[in-house]
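**Student:** This is the structure I have questions about; it appears just below.
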Amino acid sequence: MFTKLDLRAGYNNVCIKEGDKWKGAFITPQGLFEPTVMFFGITNSPATFQAMIDGIFADLLLEGWVVIYIDEILIYFTDHMEHWQHTQLVLQRLKESDLFLKPKKCFFGQIGMAEDKVSAVLNWPKIDSIKALQQFLGFANFYPRFIPGYSKITRPLFDLLTKGIKWSWTDNHDNAISQLKESCKT
C-alpha cells in the first residue's frame, strides 16, 4: 500500500540566513529587494532543500518505509494498519515542521503506480542531454519496486552519468528507456 504526499511551496520553506540574503538580492525601479526564503534557480536549492527534509525525517528514513525526493514523499507498507500509523507519523512531523501539502497532488492508500505518473513516463520526450536523462531518472527512480530488474535495466543510463564519461547515446540506452516504459505498463 502506498501514500504519496506532495509538499507545497518547496524551496520557499527554507529561510535564508540573515547574513546571506544579500546573495540573492536584485534591483528594480522600485528599489533593492533581498529574498527571505530560498527560491528556484539557485544552484544549491535542490541539495539544500533535500538536506533539510532528510534532517526532519532522518529517523523515519532509516526505518525504510518512507522515501523522500525533494518535495515528494512516498510512504509504503504492506500491513494496512501500520501503513496508516506511518502516514499519521509523517503528517504529524510535517505539522511540527510547519510544512504543508498540496491536497490535489496527494494520494492516500493507493496500490501501484499513479496513472498520471505512468502516463508521464510513457510520453517522456526523447532524451538528448545529461540534464534530460537526470530528470527522467529522478522521476522514474520513485518506482523501482514496481519494475522488476530496475537496477539492471537502468544500469546503462546511470553509467552515462558517471563523471568523465563522454555523452554518447546509443541503441543500448534507447532499449533501456523502452524497457522501463514497457515495465510501467504492466
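Identifiers in the C-alpha cells: chain A, B, ... in order shown; residue index from 1 per chain; ligand index from 1 in order shown.
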Near Ala51 of chain A, counting only C-alpha atoms, which residues have an atom at most 12 Å away, once you skip same-chain residues fewer than 4 positions from it, shown as a ChimeraX atom specification?
**Tutor:** /A:11,14,44-47,55-58,68-71
**Student:** If you keep N, CA and C atoms, can you produce a file of those selected residues as a CSV table (one decimal), in the first residue's frame?
**Tutor:**
```csv
chain,number,residue,atom,x,y,z
A,11,TYR,N,11.0,24.9,-2.1
A,11,TYR,CA,12.1,25.6,-1.6
A,11,TYR,C,11.7,26.8,-0.8
A,14,VAL,N,12.4,27.1,3.0
A,14,VAL,CA,13.7,27.3,3.6
A,14,VAL,C,14.0,28.7,3.8
A,44,ASN,N,22.3,25.5,-5.6
A,44,ASN,CA,22.2,24.5,-4.5
A,44,ASN,C,20.8,24.4,-3.9
A,45,SER,N,19.8,25.0,-4.5
A,45,SER,CA,18.5,24.8,-3.9
A,45,SER,C,18.0,23.4,-3.7
A,46,PRO,N,18.2,22.5,-4.7
A,46,PRO,CA,17.7,21.1,-4.5
A,46,PRO,C,18.4,20.4,-3.4
A,47,ALA,N,19.8,20.6,-3.4
A,47,ALA,CA,20.5,19.9,-2.3
A,47,ALA,C,20.2,20.4,-0.9
A,55,GLY,N,16.9,15.8,7.2
A,55,GLY,CA,17.1,16.1,8.6
A,55,GLY,C,15.8,15.9,9.4
A,56,ILE,N,14.7,16.4,8.9
A,56,ILE,CA,13.4,16.4,9.6
A,56,ILE,C,13.0,14.9,9.7
A,57,PHE,N,13.2,14.1,8.7
A,57,PHE,CA,12.7,12.7,8.7
A,57,PHE,C,13.8,11.7,8.8
A,58,ALA,N,15.0,12.1,9.3
A,58,ALA,CA,16.1,11.2,9.4
A,58,ALA,C,15.8,9.8,10.0
A,68,ILE,N,11.8,10.0,0.3
A,68,ILE,CA,11.6,11.4,0.0
A,68,ILE,C,12.5,11.9,-1.1
A,69,TYR,N,12.0,12.4,-2.1
A,69,TYR,CA,12.8,13.0,-3.2
A,69,TYR,C,12.3,14.5,-3.4
A,70,ILE,N,13.1,15.4,-3.0
A,70,ILE,CA,12.8,16.8,-3.0
A,70,ILE,C,11.5,17.1,-2.3
A,71,ASP,N,10.4,17.3,-3.0
A,71,ASP,CA,9.1,17.7,-2.3
A,71,ASP,C,8.1,16.6,-2.4
```
**Student:** Can you tell me which residues surround Leu99 of chain A at a distance of at most 9 Å, considering only C-alpha atoms, apart from same-chain residues fewer than 2 positions away, and format the answer as a CSV table (one decimal) with C-alpha atoms, in the first residue's frame?
**Tutor:**
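And here is the file that came out, result-v6.csv:
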```
chain,number,residue,atom,x,y,z
A,7,LEU,CA,4.8,19.5,-0.3
A,8,ARG,CA,3.5,22.9,-1.1
A,9,ALA,CA,5.9,25.8,-1.8
A,10,GLY,CA,9.0,23.5,-1.9
A,13,ASN,CA,10.0,26.6,3.1
A,93,ARG,CA,6.2,15.5,11.6
A,94,LEU,CA,5.1,17.8,8.7
A,95,LYS,CA,2.8,19.7,11.0
A,96,GLU,CA,5.5,20.1,13.7
A,97,SER,CA,7.9,21.4,11.0
A,101,LEU,CA,0.9,19.8,1.4
```
**Student:** For Phe77 of chain A, list every protein, DNA or RNA residue within 12 Å, evaluated using only C-alpha atoms, and leave out those in the same chain fewer than 2 positions away; present the list as a VMD selection string.
**Tutor:** chain A and resid 1 to 3 63 to 67 74 to 75 79 to 87 109 to 111 145
**Student:** Could the residues in this selection be saved with N, CA and C atoms as a short mmCIF file (atom, residue, chain, number, x, y, z; two decimals), in the first residue's frame?
**Tutor:**
```
data_model
loop_
_atom_site.label_atom_id
_atom_site.label_comp_id
_atom_site.auth_asym_id
_atom_site.auth_seq_id
_atom_site.Cartn_x
_atom_site.Cartn_y
_atom_site.Cartn_z
N MET A 1 0.85 -1.17 0.00
CA MET A 1 0.00 0.00 0.00
C MET A 1 0.90 1.24 0.00
N PHE A 2 0.48 2.26 -0.74
CA PHE A 2 1.28 3.46 -0.89
C PHE A 2 0.46 4.71 -0.59
N THR A 3 1.14 5.69 -0.02
CA THR A 3 0.58 7.03 0.12
C THR A 3 1.62 7.99 -0.43
N GLU A 63 14.24 3.81 8.95
CA GLU A 63 13.35 2.66 9.14
C GLU A 63 12.97 2.01 7.81
N GLY A 64 13.10 2.75 6.71
CA GLY A 64 12.94 2.16 5.39
C GLY A 64 11.55 2.09 4.80
N TRP A 65 10.55 2.71 5.40
CA TRP A 65 9.20 2.65 4.84
C TRP A 65 8.76 3.98 4.24
N VAL A 66 9.67 4.92 4.18
CA VAL A 66 9.36 6.21 3.56
C VAL A 66 10.54 6.61 2.68
N VAL A 67 10.22 7.18 1.52
CA VAL A 67 11.22 7.68 0.59
C VAL A 67 10.85 9.12 0.29
N LEU A 74 6.89 9.44 -0.35
CA LEU A 74 6.21 8.18 -0.64
C LEU A 74 6.31 7.29 0.60
N ILE A 75 5.15 6.91 1.12
CA ILE A 75 5.07 6.03 2.29
C ILE A 75 4.55 4.69 1.79
N ASP A 79 1.28 -3.91 5.56
CA ASP A 79 0.20 -4.03 6.53
C ASP A 79 -0.64 -2.75 6.53
N HIS A 80 -1.94 -2.91 6.31
CA HIS A 80 -2.86 -1.78 6.20
C HIS A 80 -2.81 -0.87 7.44
N MET A 81 -2.92 -1.45 8.63
CA MET A 81 -2.97 -0.66 9.86
C MET A 81 -1.64 0.06 10.11
N GLU A 82 -0.55 -0.64 9.92
CA GLU A 82 0.76 0.00 10.13
C GLU A 82 1.00 1.10 9.10
N HIS A 83 0.49 0.89 7.89
CA HIS A 83 0.63 1.93 6.86
C HIS A 83 -0.03 3.23 7.34
N TRP A 84 -1.24 3.13 7.87
CA TRP A 84 -1.93 4.33 8.33
C TRP A 84 -1.23 4.95 9.54
N GLN A 85 -0.65 4.13 10.41
CA GLN A 85 0.10 4.67 11.55
C GLN A 85 1.33 5.43 11.05
N HIS A 86 2.01 4.87 10.06
CA HIS A 86 3.18 5.54 9.49
C HIS A 86 2.78 6.85 8.80
N THR A 87 1.66 6.81 8.10
CA THR A 87 1.18 8.02 7.43
C THR A 87 0.88 9.11 8.45
N GLY A 109 -3.27 5.69 0.48
CA GLY A 109 -3.62 4.28 0.47
C GLY A 109 -3.75 3.64 -0.89
N GLN A 110 -2.99 4.10 -1.85
CA GLN A 110 -3.06 3.51 -3.19
C GLN A 110 -2.16 2.29 -3.29
N ILE A 111 -2.50 1.44 -4.21
CA ILE A 111 -1.66 0.29 -4.50
C ILE A 111 -1.26 0.41 -5.96
N ARG A 145 10.31 -0.35 -7.15
CA ARG A 145 9.66 -1.53 -6.58
C ARG A 145 8.64 -2.15 -7.54
#
```
**Student:** For a test of reading the model, state the distance in Å between atom CA of Lys131 of chain A and atom CA of Asn172 of chain A, rounded to one decimal.
**Tutor:**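 Distance reported for this atom pair: 18.6 Å.
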**Student:** Can you pull out every residue from segment 16-173 of chain A that DSSP, working from the backbone, puts in helix (DSSP H, G or I), and format the result as a PDB file with C-alpha atoms, in the first residue's frame?
**Tutor:**
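The result, stored in states_25.pdb:
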```pdb
ATOM      1  CA  GLU A  18      20.261  36.937   7.797  1.00  0.00           C
ATOM      2  CA  GLY A  19      23.858  37.359   6.609  1.00  0.00           C
ATOM      3  CA  ASP A  20      23.219  35.577   3.309  1.00  0.00           C
ATOM      4  CA  LYS A  21      20.183  37.470   1.993  1.00  0.00           C
ATOM      5  CA  TRP A  22      22.345  39.890   0.002  1.00  0.00           C
ATOM      6  CA  LYS A  23      23.489  36.979  -2.193  1.00  0.00           C
ATOM      7  CA  GLY A  24      20.057  36.762  -3.827  1.00  0.00           C
ATOM      8  CA  SER A  45      18.466  24.831  -3.902  1.00  0.00           C
ATOM      9  CA  PRO A  46      17.694  21.144  -4.536  1.00  0.00           C
ATOM     10  CA  ALA A  47      20.536  19.882  -2.316  1.00  0.00           C
ATOM     11  CA  THR A  48      19.749  22.372   0.463  1.00  0.00           C
ATOM     12  CA  PHE A  49      16.052  21.522   0.436  1.00  0.00           C
ATOM     13  CA  GLN A  50      16.761  17.772   0.347  1.00  0.00           C
ATOM     14  CA  ALA A  51      19.172  18.128   3.296  1.00  0.00           C
ATOM     15  CA  MET A  52      16.511  19.992   5.290  1.00  0.00           C
ATOM     16  CA  ILE A  53      13.881  17.329   4.556  1.00  0.00           C
ATOM     17  CA  ASP A  54      16.322  14.488   5.260  1.00  0.00           C
ATOM     18  CA  GLY A  55      17.109  16.090   8.621  1.00  0.00           C
ATOM     19  CA  ILE A  56      13.440  16.371   9.573  1.00  0.00           C
ATOM     20  CA  ALA A  58      16.146  11.160   9.388  1.00  0.00           C
ATOM     21  CA  ASP A  59      14.881   8.542  11.848  1.00  0.00           C
ATOM     22  CA  LEU A  60      11.919   7.582   9.650  1.00  0.00           C
ATOM     23  CA  LEU A  61      14.080   7.317   6.537  1.00  0.00           C
ATOM     24  CA  LEU A  62      16.352   4.882   8.377  1.00  0.00           C
ATOM     25  CA  GLU A  63      13.354   2.660   9.144  1.00  0.00           C
ATOM     26  CA  HIS A  80      -2.864  -1.783   6.204  1.00  0.00           C
ATOM     27  CA  MET A  81      -2.970  -0.660   9.862  1.00  0.00           C
ATOM     28  CA  GLU A  82       0.759   0.002  10.129  1.00  0.00           C
ATOM     29  CA  HIS A  83       0.628   1.930   6.865  1.00  0.00           C
ATOM     30  CA  TRP A  84      -1.932   4.333   8.333  1.00  0.00           C
ATOM     31  CA  GLN A  85       0.105   4.670  11.546  1.00  0.00           C
ATOM     32  CA  HIS A  86       3.180   5.541   9.490  1.00  0.00           C
ATOM     33  CA  THR A  87       1.180   8.022   7.426  1.00  0.00           C
ATOM     34  CA  GLN A  88      -0.047   9.716  10.609  1.00  0.00           C
ATOM     35  CA  LEU A  89       3.527   9.879  11.895  1.00  0.00           C
ATOM     36  CA  VAL A  90       4.718  11.596   8.706  1.00  0.00           C
ATOM     37  CA  LEU A  91       1.769  14.024   8.742  1.00  0.00           C
ATOM     38  CA  GLN A  92       2.493  14.877  12.385  1.00  0.00           C
ATOM     39  CA  ARG A  93       6.166  15.511  11.570  1.00  0.00           C
ATOM     40  CA  LEU A  94       5.127  17.806   8.711  1.00  0.00           C
ATOM     41  CA  LYS A  95       2.805  19.714  11.039  1.00  0.00           C
ATOM     42  CA  GLU A  96       5.540  20.120  13.670  1.00  0.00           C
ATOM     43  CA  PRO A 103      -4.038  18.281  -1.334  1.00  0.00           C
ATOM     44  CA  LYS A 104      -4.783  17.813  -5.043  1.00  0.00           C
ATOM     45  CA  LYS A 105      -1.418  16.101  -5.551  1.00  0.00           C
ATOM     46  CA  GLU A 115      -1.807   6.687 -13.646  1.00  0.00           C
ATOM     47  CA  ASP A 116      -0.558  10.225 -14.262  1.00  0.00           C
ATOM     48  CA  LYS A 117       2.999   9.118 -13.420  1.00  0.00           C
ATOM     49  CA  VAL A 118       2.770   6.116 -15.753  1.00  0.00           C
ATOM     50  CA  SER A 119       1.469   8.408 -18.488  1.00  0.00           C
ATOM     51  CA  ALA A 120       4.329  10.850 -17.877  1.00  0.00           C
ATOM     52  CA  VAL A 121       6.922   8.057 -18.212  1.00  0.00           C
ATOM     53  CA  LEU A 122       5.267   6.635 -21.333  1.00  0.00           C
ATOM     54  CA  ILE A 130      22.637  14.679 -19.453  1.00  0.00           C
ATOM     55  CA  LYS A 131      20.156  17.045 -17.830  1.00  0.00           C
ATOM     56  CA  ALA A 132      17.212  15.377 -19.618  1.00  0.00           C
ATOM     57  CA  LEU A 133      18.494  11.954 -18.525  1.00  0.00           C
ATOM     58  CA  GLN A 134      18.865  13.134 -14.915  1.00  0.00           C
ATOM     59  CA  GLN A 135      15.305  14.456 -14.969  1.00  0.00           C
ATOM     60  CA  PHE A 136      13.954  11.192 -16.353  1.00  0.00           C
ATOM     61  CA  LEU A 137      15.856   9.030 -13.868  1.00  0.00           C
ATOM     62  CA  GLY A 138      14.876  11.307 -10.988  1.00  0.00           C
ATOM     63  CA  PHE A 139      11.249  10.856 -11.983  1.00  0.00           C
ATOM     64  CA  ALA A 140      11.423   7.106 -12.676  1.00  0.00           C
ATOM     65  CA  PRO A 144      11.780   0.791  -8.746  1.00  0.00           C
ATOM     66  CA  ARG A 145       9.657  -1.531  -6.578  1.00  0.00           C
ATOM     67  CA  PHE A 146       7.145  -1.841  -9.417  1.00  0.00           C
ATOM     68  CA  TYR A 150      15.052  -1.896 -12.306  1.00  0.00           C
ATOM     69  CA  SER A 151      18.763  -1.672 -11.414  1.00  0.00           C
ATOM     70  CA  LYS A 152      19.802  -3.887 -14.316  1.00  0.00           C
ATOM     71  CA  ILE A 153      17.574  -2.010 -16.779  1.00  0.00           C
ATOM     72  CA  THR A 154      18.808   1.432 -15.712  1.00  0.00           C
ATOM     73  CA  ARG A 155      22.497   0.492 -15.411  1.00  0.00           C
ATOM     74  CA  PRO A 156      23.481   1.780 -18.896  1.00  0.00           C
ATOM     75  CA  LEU A 157      21.601   5.018 -18.198  1.00  0.00           C
ATOM     76  CA  PHE A 158      23.330   5.605 -14.867  1.00  0.00           C
ATOM     77  CA  ASP A 159      26.677   4.713 -16.475  1.00  0.00           C
ATOM     78  CA  LEU A 160      26.197   7.704 -18.806  1.00  0.00           C
ATOM     79  CA  ASP A 171      20.669   1.879 -29.057  1.00  0.00           C
ATOM     80  CA  ASN A 172      21.530   0.304 -25.710  1.00  0.00           C
ATOM     81  CA  HIS A 173      20.208   3.428 -23.975  1.00  0.00           C
TER      82      HIS A 173
END
```
**Student:** With only C-alpha atoms as the atoms that count, which of A:Trp124, A:Ser178, A:Glu72, A:Lys17 lies nearest to Phe107 of chain A?
**Tutor:**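 Smallest separation from Phe107 of chain A among the options: A:Glu72.
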**Student:** Of the candidates A:Lys4, A:Thr28, A:Ala176, A:Ile73, which one gets nearest to Met113 of chain A if we count only C-alpha atoms?
**Tutor:**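 The answer is A:Lys4, which sits nearest to Met113 of chain A.
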**Student:** Could you go through chain A and tell me which residues DSSP, when run on the backbone, assigns to strand (DSSP E), listing them as a PDB file with N, CA and C atoms, in the first residue's frame?
**Tutor:**
```pdb
ATOM      1  N   PHE A   2       0.477   2.261  -0.738  1.00  0.00           N
ATOM      2  CA  PHE A   2       1.279   3.463  -0.890  1.00  0.00           C
ATOM      3  C   PHE A   2       0.462   4.715  -0.594  1.00  0.00           C
ATOM      4  N   THR A   3       1.136   5.694  -0.020  1.00  0.00           N
ATOM      5  CA  THR A   3       0.582   7.029   0.124  1.00  0.00           C
ATOM      6  C   THR A   3       1.624   7.986  -0.433  1.00  0.00           C
ATOM      7  N   LYS A   4       1.188   8.885  -1.301  1.00  0.00           N
ATOM      8  CA  LYS A   4       2.088   9.870  -1.897  1.00  0.00           C
ATOM      9  C   LYS A   4       1.666  11.253  -1.435  1.00  0.00           C
ATOM     10  N   LEU A   5       2.618  11.990  -0.889  1.00  0.00           N
ATOM     11  CA  LEU A   5       2.359  13.347  -0.417  1.00  0.00           C
ATOM     12  C   LEU A   5       3.228  14.311  -1.211  1.00  0.00           C
ATOM     13  N   ASP A   6       2.699  15.486  -1.490  1.00  0.00           N
ATOM     14  CA  ASP A   6       3.431  16.489  -2.247  1.00  0.00           C
ATOM     15  C   ASP A   6       3.469  17.783  -1.433  1.00  0.00           C
ATOM     16  N   PHE A  26      18.265  41.678  -5.693  1.00  0.00           N
ATOM     17  CA  PHE A  26      18.118  42.198  -7.048  1.00  0.00           C
ATOM     18  C   PHE A  26      17.537  43.607  -6.963  1.00  0.00           C
ATOM     19  N   ILE A  27      17.802  44.381  -8.002  1.00  0.00           N
ATOM     20  CA  ILE A  27      17.364  45.778  -8.029  1.00  0.00           C
ATOM     21  C   ILE A  27      16.319  45.950  -9.121  1.00  0.00           C
ATOM     22  N   THR A  28      15.268  46.695  -8.781  1.00  0.00           N
ATOM     23  CA  THR A  28      14.233  47.065  -9.747  1.00  0.00           C
ATOM     24  C   THR A  28      14.043  48.577  -9.644  1.00  0.00           C
ATOM     25  N   GLY A  31      13.345  49.633  -6.184  1.00  0.00           N
ATOM     26  CA  GLY A  31      14.365  49.558  -5.148  1.00  0.00           C
ATOM     27  C   GLY A  31      15.068  48.213  -5.082  1.00  0.00           C
ATOM     28  N   LEU A  32      15.836  48.035  -4.002  1.00  0.00           N
ATOM     29  CA  LEU A  32      16.604  46.816  -3.767  1.00  0.00           C
ATOM     30  C   LEU A  32      15.753  45.830  -2.982  1.00  0.00           C
ATOM     31  N   PHE A  33      15.754  44.582  -3.424  1.00  0.00           N
ATOM     32  CA  PHE A  33      14.985  43.548  -2.735  1.00  0.00           C
ATOM     33  C   PHE A  33      15.905  42.388  -2.380  1.00  0.00           C
ATOM     34  N   VAL A  66       9.670   4.923   4.180  1.00  0.00           N
ATOM     35  CA  VAL A  66       9.363   6.212   3.565  1.00  0.00           C
ATOM     36  C   VAL A  66      10.543   6.607   2.677  1.00  0.00           C
ATOM     37  N   VAL A  67      10.216   7.176   1.517  1.00  0.00           N
ATOM     38  CA  VAL A  67      11.221   7.678   0.586  1.00  0.00           C
ATOM     39  C   VAL A  67      10.853   9.118   0.288  1.00  0.00           C
ATOM     40  N   ILE A  68      11.847   9.992   0.289  1.00  0.00           N
ATOM     41  CA  ILE A  68      11.574  11.405   0.010  1.00  0.00           C
ATOM     42  C   ILE A  68      12.538  11.881  -1.062  1.00  0.00           C
ATOM     43  N   TYR A  69      11.969  12.444  -2.123  1.00  0.00           N
ATOM     44  CA  TYR A  69      12.778  13.043  -3.175  1.00  0.00           C
ATOM     45  C   TYR A  69      12.289  14.473  -3.369  1.00  0.00           C
ATOM     46  N   GLU A  72       8.479  15.398  -2.795  1.00  0.00           N
ATOM     47  CA  GLU A  72       7.523  14.284  -2.851  1.00  0.00           C
ATOM     48  C   GLU A  72       7.885  13.237  -1.809  1.00  0.00           C
ATOM     49  N   ILE A  73       6.879  12.806  -1.066  1.00  0.00           N
ATOM     50  CA  ILE A  73       7.061  11.821  -0.004  1.00  0.00           C
ATOM     51  C   ILE A  73       6.246  10.589  -0.364  1.00  0.00           C
ATOM     52  N   LEU A  74       6.889   9.438  -0.351  1.00  0.00           N
ATOM     53  CA  LEU A  74       6.213   8.181  -0.639  1.00  0.00           C
ATOM     54  C   LEU A  74       6.312   7.295   0.597  1.00  0.00           C
ATOM     55  N   ILE A  75       5.149   6.906   1.119  1.00  0.00           N
ATOM     56  CA  ILE A  75       5.069   6.033   2.286  1.00  0.00           C
ATOM     57  C   ILE A  75       4.555   4.689   1.793  1.00  0.00           C
ATOM     58  N   TYR A  76       5.232   3.616   2.163  1.00  0.00           N
ATOM     59  CA  TYR A  76       4.793   2.300   1.703  1.00  0.00           C
ATOM     60  C   TYR A  76       4.948   1.283   2.831  1.00  0.00           C
ATOM     61  N   PHE A 107      -2.133  11.400  -2.608  1.00  0.00           N
ATOM     62  CA  PHE A 107      -2.944  10.198  -2.782  1.00  0.00           C
ATOM     63  C   PHE A 107      -2.696   9.283  -1.597  1.00  0.00           C
ATOM     64  N   PHE A 108      -3.770   8.860  -0.953  1.00  0.00           N
ATOM     65  CA  PHE A 108      -3.661   8.064   0.263  1.00  0.00           C
ATOM     66  C   PHE A 108      -4.093   6.621   0.024  1.00  0.00           C
ATOM     67  N   GLY A 109      -3.266   5.688   0.481  1.00  0.00           N
ATOM     68  CA  GLY A 109      -3.624   4.280   0.474  1.00  0.00           C
ATOM     69  C   GLY A 109      -3.747   3.642  -0.886  1.00  0.00           C
ATOM     70  N   GLN A 110      -2.985   4.099  -1.852  1.00  0.00           N
ATOM     71  CA  GLN A 110      -3.060   3.507  -3.192  1.00  0.00           C
ATOM     72  C   GLN A 110      -2.157   2.290  -3.294  1.00  0.00           C
TER      73      GLN A 110
END
```
**Student:** Excluding same-chain residues fewer than 3 positions from Asn12 of chain A, what lies within 8 Å of it counting only C-alpha atoms, as a list in words?
**Tutor:**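 Using only C-alpha atoms, the neighbours found are Ala9, Cys15, Val37, Met38 and Phe39 of chain A.
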**Student:** Produce a file of the selected residues containing C-alpha atoms, as a short mmCIF file (atom, residue, chain, number, x, y, z; two decimals), in the first residue's frame.
**Tutor:**
```
data_model
loop_
_atom_site.label_atom_id
_atom_site.label_comp_id
_atom_site.auth_asym_id
_atom_site.auth_seq_id
_atom_site.Cartn_x
_atom_site.Cartn_y
_atom_site.Cartn_z
CA ALA A 9 5.94 25.78 -1.82
CA CYS A 15 14.55 30.60 5.28
CA VAL A 37 13.30 32.43 1.62
CA MET A 38 15.17 30.20 -0.81
CA PHE A 39 13.91 30.50 -4.35
#
```
**Student:** Hey, can you check how far atom CA of Trp169 of chain A sits from atom CA of Pro125 of chain A?
**Tutor:**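 It comes out at 14.4 Å.
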